[in-house]
Structures are given as structure tokens and as C-alpha cells.
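Here is the structure we will look at.
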Amino acid sequence: MEELYKSPRYLKTVGPKRVALLKKLNIHTIMDLLHYYPARWEDRKHFKPIASLQHEEVASVLGQILTHGSEEKAKKISIFKLPITDGTGVLWAVWFKKSQLKYDVFGTFKSKFKPGQKIIVYGKIKYSYGYKEIVVEEYELLSSDEENESLLIPYEKEKEESKEETKFFLHVGRIVPIYKLTEGLSNKFFRELMYTVVSQYCAKEEDVLPENIRRKYNLCSLSEALQYIHFPTTWEQRDTAHKRIVFEEFLLFQLAVQIARQKYKSITKPHSYVIKRHLLTPFRQNLNLYANFDFTSAQKRAINEIFRDMLSPQPMSRLLQGDVGSGKTVVALSAVLLCAENNHQAAFMAPTEILAEQHYITFKRFLSSIPVKFALLTSKTTRKERQEIISKLKSNELNFVVGTHAIIEDDVVFPNLKLIVIDEQHKFGVLQRQALYNKGTHPDVLVLTATPIPRTLSLTLYGDLDVSTLDEMPPGRMPVKTLHLTEEEAYMFVKREVEKKHQAYIVYPLVEESDKMELKSAVKEAKVLQEKVFTNYRVGLLHGQMKGSEKEKIMLDFYNGHYDILITTTVIEVGIDVPNATVIVIQHSDRFGLATLHQLRGRVGRSKYQSYCILVGTPKTDEAKKRLEVMLSTNDGFKIAEEDLLIRGPGEIFGTRQHGKLSLADKFSLGDIIRDKDILYQTNNLAHHLVQEGLIYKDEYRRLLQKVYKLYSDKDKFLKAS
């Protein structure tokens, strides 16, 4: 095993320059090389007769060299042509080189080719002046069988069938691996390097999957998988290797999550709760009084699940997911009030100032006349206000604080922090969540998301959390109708709604006009629309670059009906709840992702009135057209999340790489949670069984457990910050 951790510089043909290039691919050891898998494979094992070749097709051809090649020069390009035949016709193999030197730039290259010698060429076919040419991407010369035998990798030598046709080439005449490389490394060089590494080292790596697991799930050995994934002779071998490698990747991840979950559940928290209802009951009465609101059955179910966790001796670690408008905030606020009833402190952290401010405004409305004390803390809080809030926190005068990442600063001290609520938690990094967690002693944790999570993603992103789902909307609300209209039609629609005494949003992707993108901006368009389109209406402007107090005033003014139309950016994507707003126009809708479009649509449809989402913009790409089709076809957040996962892929959803969650893009070299979801479910069930039954700690699974700790324990990403 020690050999596998040596630098690639110990390999032949790898000098200092290539070592530096390999590091750009995050390849630092021979082990890294072994596990640098092909991005794709090309079938070059089937040779096409020259007579059947078609213009522009890509093909492999086995032929015999007719004569010595010739070199032609044209300005800065040299062209080398070599005639070959297979008995059905003549094909000119063509190579291009830049003529940077005056002498023959091909040098000894053309001396390699001798009349009568067999050659395999691969590339694109061109018809040129009545001749067939192939622009050569890869080629390989056939010498004697004895010489070619040396190119066989060990597992191929044991098999005899069709050896001379398909087995002894690396670049042509076989299924060829294609690697994603950096400038300065060619696939030809890398393939030859990988062949050396696979031949010499693949059997040296320890196989961490016990034989009983391999047998039960019909998995090949690790050595075979590494051989087959890089140099398969059949597509079945490639698939066999893929299944084995993906299974191990998924299993290691799922074991890490389950072990973390088990450790978390073994903790006994130092605090407890009793449901007293002296805050919860008046809170519910206020909801009826101020919002004519009562909990849905889904909300009641979620509150019961959360309260059961809080009353448990183990710390709560729960995800509350629900579509936009499903009422997550009041459910979370119920948990905060249970915490306050027991004289404990809570922290409610939101990712943006505008969302934190909106929560604060909502809480003030719902908690009026209730004896609970709380404050808003963001980066825009004045120094004087901040010091006052910190002082009250330290003296336990505040029941909870609503804020952004400002509440995790070192000088913000919670002497009695027992509950953490994190809204849109995927937008916070691991270290930020960890910093908040560390302000208490095993506090209960409730995380919220308005982006419904497909099951495949929840098993990876949130496998360590219990999940509560709000799967119904408050009664009396009508589904939002989504339309695709021209700008003129959209503005006529807005006028009709405003004439009915309703309100409207018009959303732009930019705050200020950009020279680089031909997109309309909120600031400029607010002025134009007020002066030329909505002259008889009250138009407001809201964007993220405004001061917190200014944003709060505008939001309150819009809520209280002082504006008919609010021109804004995506700062309203989450949080703003104005029941009288019945139409939202999204300018340049083709520029927004599905999740953002769905979140913006959720700003309306929050009352008994029929509401509308109007998409303006012409989609210019297939992906943009697909997003538009999805938005027009469904309001179901879970279906939209599934489609978003299919369109963007798991590595992009929630920006996992940027935000520090256990990153799918980093951890799954070959696995894809959409394509390989059956394997994901298998490994999830297996991991749960191994951990819950304690089997993972038995000797036969020792190597598997060691690899889990090696990959994950040093990153501390799941125990406290998940």
C-alpha cells in the first residue's frame, strides 16, 4: 500500500513539468492516478470498410500502408498524408502540424510508416476533391504479434478470443478511455501512463468490501474494477466496474452519515422542556386574529414531531421542508416559543438581511402583546444597538435573536442557547453552522428549506437528519396560474389586477444596468415604468443594496398598501408575504434557474384571490426552454425539484461545493445520484443495517470502517454542523 502513496514522479515519462500538470487535476499520488476515472469511453474496436465511409462520420479503419507519406506546406501549417487501403478502397490518413520551423517539422515521424505495414487510424472522415481522407486523432501501427503482446494488461492475457483484433492496442482497435485533462497533457500520453499504473499497481490496493457484501450484491473485486474501468474490452466489463466503484463510493458516504447520526443520537443534552402553553396559546390566538390563520394538518404533524424531539433527552436534529407558502415559519416559531416558555434562549439564523428582516417583521406582528423578548441582529445593526443586544443576551433578557451570520460573531454570547433554527441552511457553510452550534451545549437544531428535496438528494445531503414535510397549503388558497406573455401583455395584466385593488411585483435580474449583459435593471426600469407605463399608480423600488432600515420601510409600506407595484430584484425570492399581491412579473425569466423561478412564484398566491405568475423573456437555450415548460406545467415544488435535479445535476443543486456541505461533486468521482439511484438506495439500506446492528464495528468490516474515518472524520462535517 505504501507504494500507492508515492508521487507520480517515480513513474517513467513523468518529469517535473508533468507532475505540476497532474497536480492541476488534483493527482498527487499513484493512488490518485488509479482513481482518476475516464470521463467517457469511445468504441474504436469496430473497423469500418473504406468503401462504406461517409463524410463527417467518425470511424476506426484497419488498413495497409500503400506508399511512403508526403508532406505539404501551407503558410503556418504542414500537412502529412499517408495512403492506406483495406481492399475496398483507398483512404488518405492526414496529420496537421504547425510549421514553426523551416525544416521538415514532422522529422522522424514520417519515417515510422513503411509500405506494406498495417495501421489502425481513428478520426473524422472528409471528402476532398474526390478522395476520402481521415483527419487522424489517434493511430497505432501493427507490428508482430510477439511485440504487440507486451501491450496486453494482465487480465487480458488470460483471455484468448479475438486477441489479435481487439486486445493489444491502447488508442485504437478497442474501447478507448477518454480522460478530462488539462492543457499540456494529451490523452495518448495519459492513456499510456494509466496503462502502466493499472498494470503495476491495481492489485496492490486493499479491497475494503468484504467478500460477503461483494457476493450478495454481485460485485467484482477492486482490482478487476480498476482494470475494467480504465481498459474494458467489452461494455459489460465497463458496466461491471462502474457498479462496483459507485457502490463503494456511495456506501462509504452513507456509512459516514449513519455513524455521525448514531453518535449524535447517543448524546444526552443537558436541558429539558415542559409544554406550558403560556406563550404558545396566545400565539395561536394571534394567528387567528391577525391573519385569519389556523394550522393545517401537515403543520400540526410537523409541530408534534418537533416537540417530541425537543422533549426527548437526545438533541434534536431535524429538517423541516415545505413548498413556498406552506407555513414553515410559524412551525419554526412554535419551537422557538416552546424554548422561550422554558426560559431558554434560541437563535434564528437566515442567510440574507432581507430575509432576516422579513422574519423579524412577521414575528413582531404575530407576537404582539405576548411577553416574549427578541431582537434583530445583522451587519447593518448600528454599533449602539448591537452593544445593547449583546448586553441583553448575556444577561438572559432576550428570549431569542433573529439575524444573519452576524449572530455567530465571537462577541455575541448566548449564556443559555438551547435551540438553533437555520433557515435555507444550505446557503450557510459548515464553519458558520458549527460556530453557531458551539455557542450552546448540544442545542436542539431545526433547519428549514423551501426547496423540496428529491429523495435521492435527501439521502446524501440530509441523511443525518430526521425529516418533517409540509405537503399541503393553508386552506382557501388557489393555485397560482403561470403564463408566458410579452412585456406589453404583462403590463396590461398588471394594470387590470391593480384596478381590482390588488398589488403586483415586477422582478428584474439586475439592480443597476450592466454593460456586459443586455438585461433590464430594477433601478432604471422603476423610473421608466413610473413615468411612461404606470403613471397613475404608486410604484416602489426595492433591492438588496439598500440600507436595512430603508428595505424594512419599503416592505412595510408595500404590505400596508402604500404601493400598488413593487419593482424589485430577487431579494424577494424568500420571505416576503403580502396576501394582497396577486401578480408577479418576472423579466428575463429565461435567465433564472427553476428553483428561483418557483420561489419567486411563491410570493403570490397567499390569499383567497386568484394569483398569477407571468414569465417574460424568450428562452434561447434548450435548458431555458425546458425550465419554461416545467414552470408552465406544474406548481408542485417536489416535481420542480426533481426536474431541476435532472437539468442541473446534483453537483450544482444548492451549490454544494461552494457552501461546504459534504460535497457530492467532491466525494463521488464516478457516482451520479440520479443515474445510479438504485445503487444509492441499496447502499443507504446496507449502511443503516450495518450501523444500527453494530456490525460495522466487527473485525470483518474493519478495513471498510477505517476507510470511512480516513475519508471523513478529519473534516468534522456531520457531527455538529450538518
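Residues are named by chain letter and number: chains run A, B, ... in the order of the C-alpha cells, numbers start at 1 in each chain, and ligands are numbered from 1 in the order shown.
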
Next item on the list: Check region 594-650 of chain A with DSSP on the backbone and list each residue it calls alpha helix (DSSP H), as a ChimeraX atom specification.
Entry: /A:594-601,622-633,637-648

Note to self: Env of Glu388 (chain A): 12 Å cut, atoms = only C-alpha atoms, seq-sep filter 6 positions within chain, self excluded. Answer as a list in words.
What the structure shows: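 My reading of the contact set: Ala375, Leu376, Leu377, Thr381, Thr382, Lys394, Ser395, Glu397, Leu398 and Val412 of chain A.
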
Could you save the residues just selected, with N, CA and C atoms, as a PDB file, in the first residue's frame?
ATOM      1  N   ALA A 375     -34.802  40.251  19.342  1.00  0.00           N
ATOM      2  CA  ALA A 375     -34.152  41.365  18.646  1.00  0.00           C
ATOM      3  C   ALA A 375     -33.657  40.899  17.286  1.00  0.00           C
ATOM      4  N   LEU A 376     -33.389  41.891  16.420  1.00  0.00           N
ATOM      5  CA  LEU A 376     -32.835  41.635  15.087  1.00  0.00           C
ATOM      6  C   LEU A 376     -31.374  42.062  15.085  1.00  0.00           C
ATOM      7  N   LEU A 377     -30.490  41.143  14.649  1.00  0.00           N
ATOM      8  CA  LEU A 377     -29.058  41.440  14.619  1.00  0.00           C
ATOM      9  C   LEU A 377     -28.487  41.077  13.248  1.00  0.00           C
ATOM     10  N   THR A 381     -26.956  46.455  11.687  1.00  0.00           N
ATOM     11  CA  THR A 381     -27.327  46.948  13.012  1.00  0.00           C
ATOM     12  C   THR A 381     -26.282  47.961  13.492  1.00  0.00           C
ATOM     13  N   THR A 382     -26.727  49.098  14.001  1.00  0.00           N
ATOM     14  CA  THR A 382     -25.779  50.132  14.447  1.00  0.00           C
ATOM     15  C   THR A 382     -24.964  49.613  15.633  1.00  0.00           C
ATOM     16  N   LYS A 394     -26.400  38.484  27.036  1.00  0.00           N
ATOM     17  CA  LYS A 394     -25.539  37.977  28.106  1.00  0.00           C
ATOM     18  C   LYS A 394     -26.264  37.912  29.443  1.00  0.00           C
ATOM     19  N   SER A 395     -27.167  38.875  29.650  1.00  0.00           N
ATOM     20  CA  SER A 395     -27.896  38.902  30.926  1.00  0.00           C
ATOM     21  C   SER A 395     -29.194  38.100  30.867  1.00  0.00           C
ATOM     22  N   GLU A 397     -31.799  38.522  29.111  1.00  0.00           N
ATOM     23  CA  GLU A 397     -33.019  39.327  28.989  1.00  0.00           C
ATOM     24  C   GLU A 397     -33.756  39.063  27.679  1.00  0.00           C
ATOM     25  N   LEU A 398     -33.071  38.513  26.684  1.00  0.00           N
ATOM     26  CA  LEU A 398     -33.693  38.212  25.392  1.00  0.00           C
ATOM     27  C   LEU A 398     -33.988  36.722  25.292  1.00  0.00           C
ATOM     28  N   VAL A 412     -20.818  37.812  20.336  1.00  0.00           N
ATOM     29  CA  VAL A 412     -22.239  37.525  20.566  1.00  0.00           C
ATOM     30  C   VAL A 412     -22.322  36.255  21.413  1.00  0.00           C
TER      31      VAL A 412
END

Region 435-500 of chain A near region 561-581 of chain A within 10 Å: what's each residue's closest atom pair and its distance in Å to one decimal, counting only C-alpha atoms, ordered by chain then ascending residue number, as a tab-separated table?
residue	atom	partner	partner_atom	distance
A:Ala450	CA	A:Val574	CA	8.3
A:Val494	CA	A:Ile565	CA	8.5
A:Lys495	CA	A:Ile565	CA	9.5
A:Glu497	CA	A:Ala581	CA	9.1
A:Val498	CA	A:Asp564	CA	6.5
A:Glu499	CA	A:Asp564	CA	9.5

Margin query: Would you pick out the contacts of region 255-269 of chain A at 9 Å or less, using only C-alpha atoms, so that residues sharing its chain but fewer than 4 positions from it are not included, and give the list as a ChimeraX atom specification?
Written below: /A:250-251,312-317,441-444,460,462-465,683-684,686-688,690-692,696,705,708-709,711-713,718-720

Could you dump the residues just selected with C-alpha atoms as a PDB file, in the first residue's frame?
ATOM      1  CA  PHE A 250     -21.976   5.584  -2.047  1.00  0.00           C
ATOM      2  CA  LEU A 251     -21.528   3.073   0.783  1.00  0.00           C
ATOM      3  CA  SER A 312     -36.507  13.843  24.092  1.00  0.00           C
ATOM      4  CA  PRO A 313     -33.276  13.521  26.130  1.00  0.00           C
ATOM      5  CA  GLN A 314     -31.273  13.478  22.851  1.00  0.00           C
ATOM      6  CA  PRO A 315     -30.611  16.674  20.876  1.00  0.00           C
ATOM      7  CA  MET A 316     -32.995  17.330  18.014  1.00  0.00           C
ATOM      8  CA  SER A 317     -31.528  17.246  14.509  1.00  0.00           C
ATOM      9  CA  THR A 441     -24.053  22.854  24.701  1.00  0.00           C
ATOM     10  CA  HIS A 442     -25.678  20.247  22.475  1.00  0.00           C
ATOM     11  CA  PRO A 443     -28.540  22.550  21.449  1.00  0.00           C
ATOM     12  CA  ASP A 444     -31.529  21.284  19.504  1.00  0.00           C
ATOM     13  CA  THR A 460     -26.986  12.377   0.523  1.00  0.00           C
ATOM     14  CA  TYR A 462     -29.672  15.312   4.644  1.00  0.00           C
ATOM     15  CA  GLY A 463     -29.228  11.642   5.504  1.00  0.00           C
ATOM     16  CA  ASP A 464     -28.178  12.581   9.021  1.00  0.00           C
ATOM     17  CA  LEU A 465     -31.396  14.498   9.751  1.00  0.00           C
ATOM     18  CA  THR A 683     -26.131   1.363  -0.050  1.00  0.00           C
ATOM     19  CA  ASN A 684     -28.378   3.516   2.128  1.00  0.00           C
ATOM     20  CA  LEU A 686     -26.970  -1.511   3.833  1.00  0.00           C
ATOM     21  CA  ALA A 687     -25.278   1.329   5.732  1.00  0.00           C
ATOM     22  CA  HIS A 688     -28.293   1.713   8.009  1.00  0.00           C
ATOM     23  CA  LEU A 690     -24.510  -2.215   9.397  1.00  0.00           C
ATOM     24  CA  VAL A 691     -24.538   0.749  11.789  1.00  0.00           C
ATOM     25  CA  GLN A 692     -27.819   0.090  13.605  1.00  0.00           C
ATOM     26  CA  ILE A 696     -19.694  -2.131  11.144  1.00  0.00           C
ATOM     27  CA  LEU A 705     -14.642   1.375   8.744  1.00  0.00           C
ATOM     28  CA  VAL A 708     -14.759   5.793   6.285  1.00  0.00           C
ATOM     29  CA  TYR A 709     -12.790   7.521   9.046  1.00  0.00           C
ATOM     30  CA  LEU A 711     -12.175   9.967   4.189  1.00  0.00           C
ATOM     31  CA  TYR A 712     -14.495  11.838   6.524  1.00  0.00           C
ATOM     32  CA  SER A 713     -13.542  12.073  10.194  1.00  0.00           C
ATOM     33  CA  PHE A 718     -21.509  15.822  10.035  1.00  0.00           C
ATOM     34  CA  LEU A 719     -21.431  15.516  13.801  1.00  0.00           C
ATOM     35  CA  LYS A 720     -22.389  19.050  14.767  1.00  0.00           C
TER      36      LYS A 720
END

Note to self: Under the rule that only C-alpha atoms are counted, which of A:Met473, A:Leu628, A:Val198, A:Leu446 is the nearest residue to Lys418 (chain A)?
What the structure shows: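 Looking only at the distances to Lys418 (chain A), the closest residue turns out to be A:Leu446.
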
Margin query: as a VMD selection string, please: the residues near region 589-603 of chain A (cut-off 6 Å, only C-alpha atoms, same-chain neighbours under 6 positions excluded).
Written below: chain A and resid 324 573 613 615 to 617 619 624 627

Check: How would you write, as a ChimeraX atom specification, the set of residues in region 192-419 of chain A that DSSP gives as strand (DSSP E)?
Finding: /A:317-322,345-349,374-377,400-403,417-419

Could you save the residues just selected, with C-alpha atoms, as a PDB file, in the first residue's frame?
ATOM      1  CA  SER A 317     -31.528  17.246  14.509  1.00  0.00           C
ATOM      2  CA  ARG A 318     -34.467  17.802  12.173  1.00  0.00           C
ATOM      3  CA  LEU A 319     -35.112  19.183   8.702  1.00  0.00           C
ATOM      4  CA  LEU A 320     -38.412  20.946   8.036  1.00  0.00           C
ATOM      5  CA  GLN A 321     -39.081  21.065   4.326  1.00  0.00           C
ATOM      6  CA  GLY A 322     -42.073  22.508   2.568  1.00  0.00           C
ATOM      7  CA  GLN A 345     -32.642  31.065  24.558  1.00  0.00           C
ATOM      8  CA  ALA A 346     -32.967  30.446  20.802  1.00  0.00           C
ATOM      9  CA  ALA A 347     -31.167  31.694  17.695  1.00  0.00           C
ATOM     10  CA  PHE A 348     -32.970  32.059  14.371  1.00  0.00           C
ATOM     11  CA  MET A 349     -30.412  32.485  11.568  1.00  0.00           C
ATOM     12  CA  PHE A 374     -36.385  39.237  20.868  1.00  0.00           C
ATOM     13  CA  ALA A 375     -34.152  41.365  18.646  1.00  0.00           C
ATOM     14  CA  LEU A 376     -32.835  41.635  15.087  1.00  0.00           C
ATOM     15  CA  LEU A 377     -29.058  41.440  14.619  1.00  0.00           C
ATOM     16  CA  PHE A 400     -34.262  34.794  21.091  1.00  0.00           C
ATOM     17  CA  VAL A 401     -32.386  36.638  18.362  1.00  0.00           C
ATOM     18  CA  VAL A 402     -33.218  36.765  14.659  1.00  0.00           C
ATOM     19  CA  GLY A 403     -30.289  37.534  12.409  1.00  0.00           C
ATOM     20  CA  LEU A 417     -28.676  28.757  23.974  1.00  0.00           C
ATOM     21  CA  LYS A 418     -30.816  25.612  23.659  1.00  0.00           C
ATOM     22  CA  LEU A 419     -32.416  25.876  20.206  1.00  0.00           C
TER      23      LEU A 419
END

Next item on the list: Using CA of Ile134 (chain A) and CA of Ala93 (chain A) as the two end points, give the distance in Å to one decimal.
Entry: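 Rounded to one decimal, the two atoms are 5.0 Å apart.
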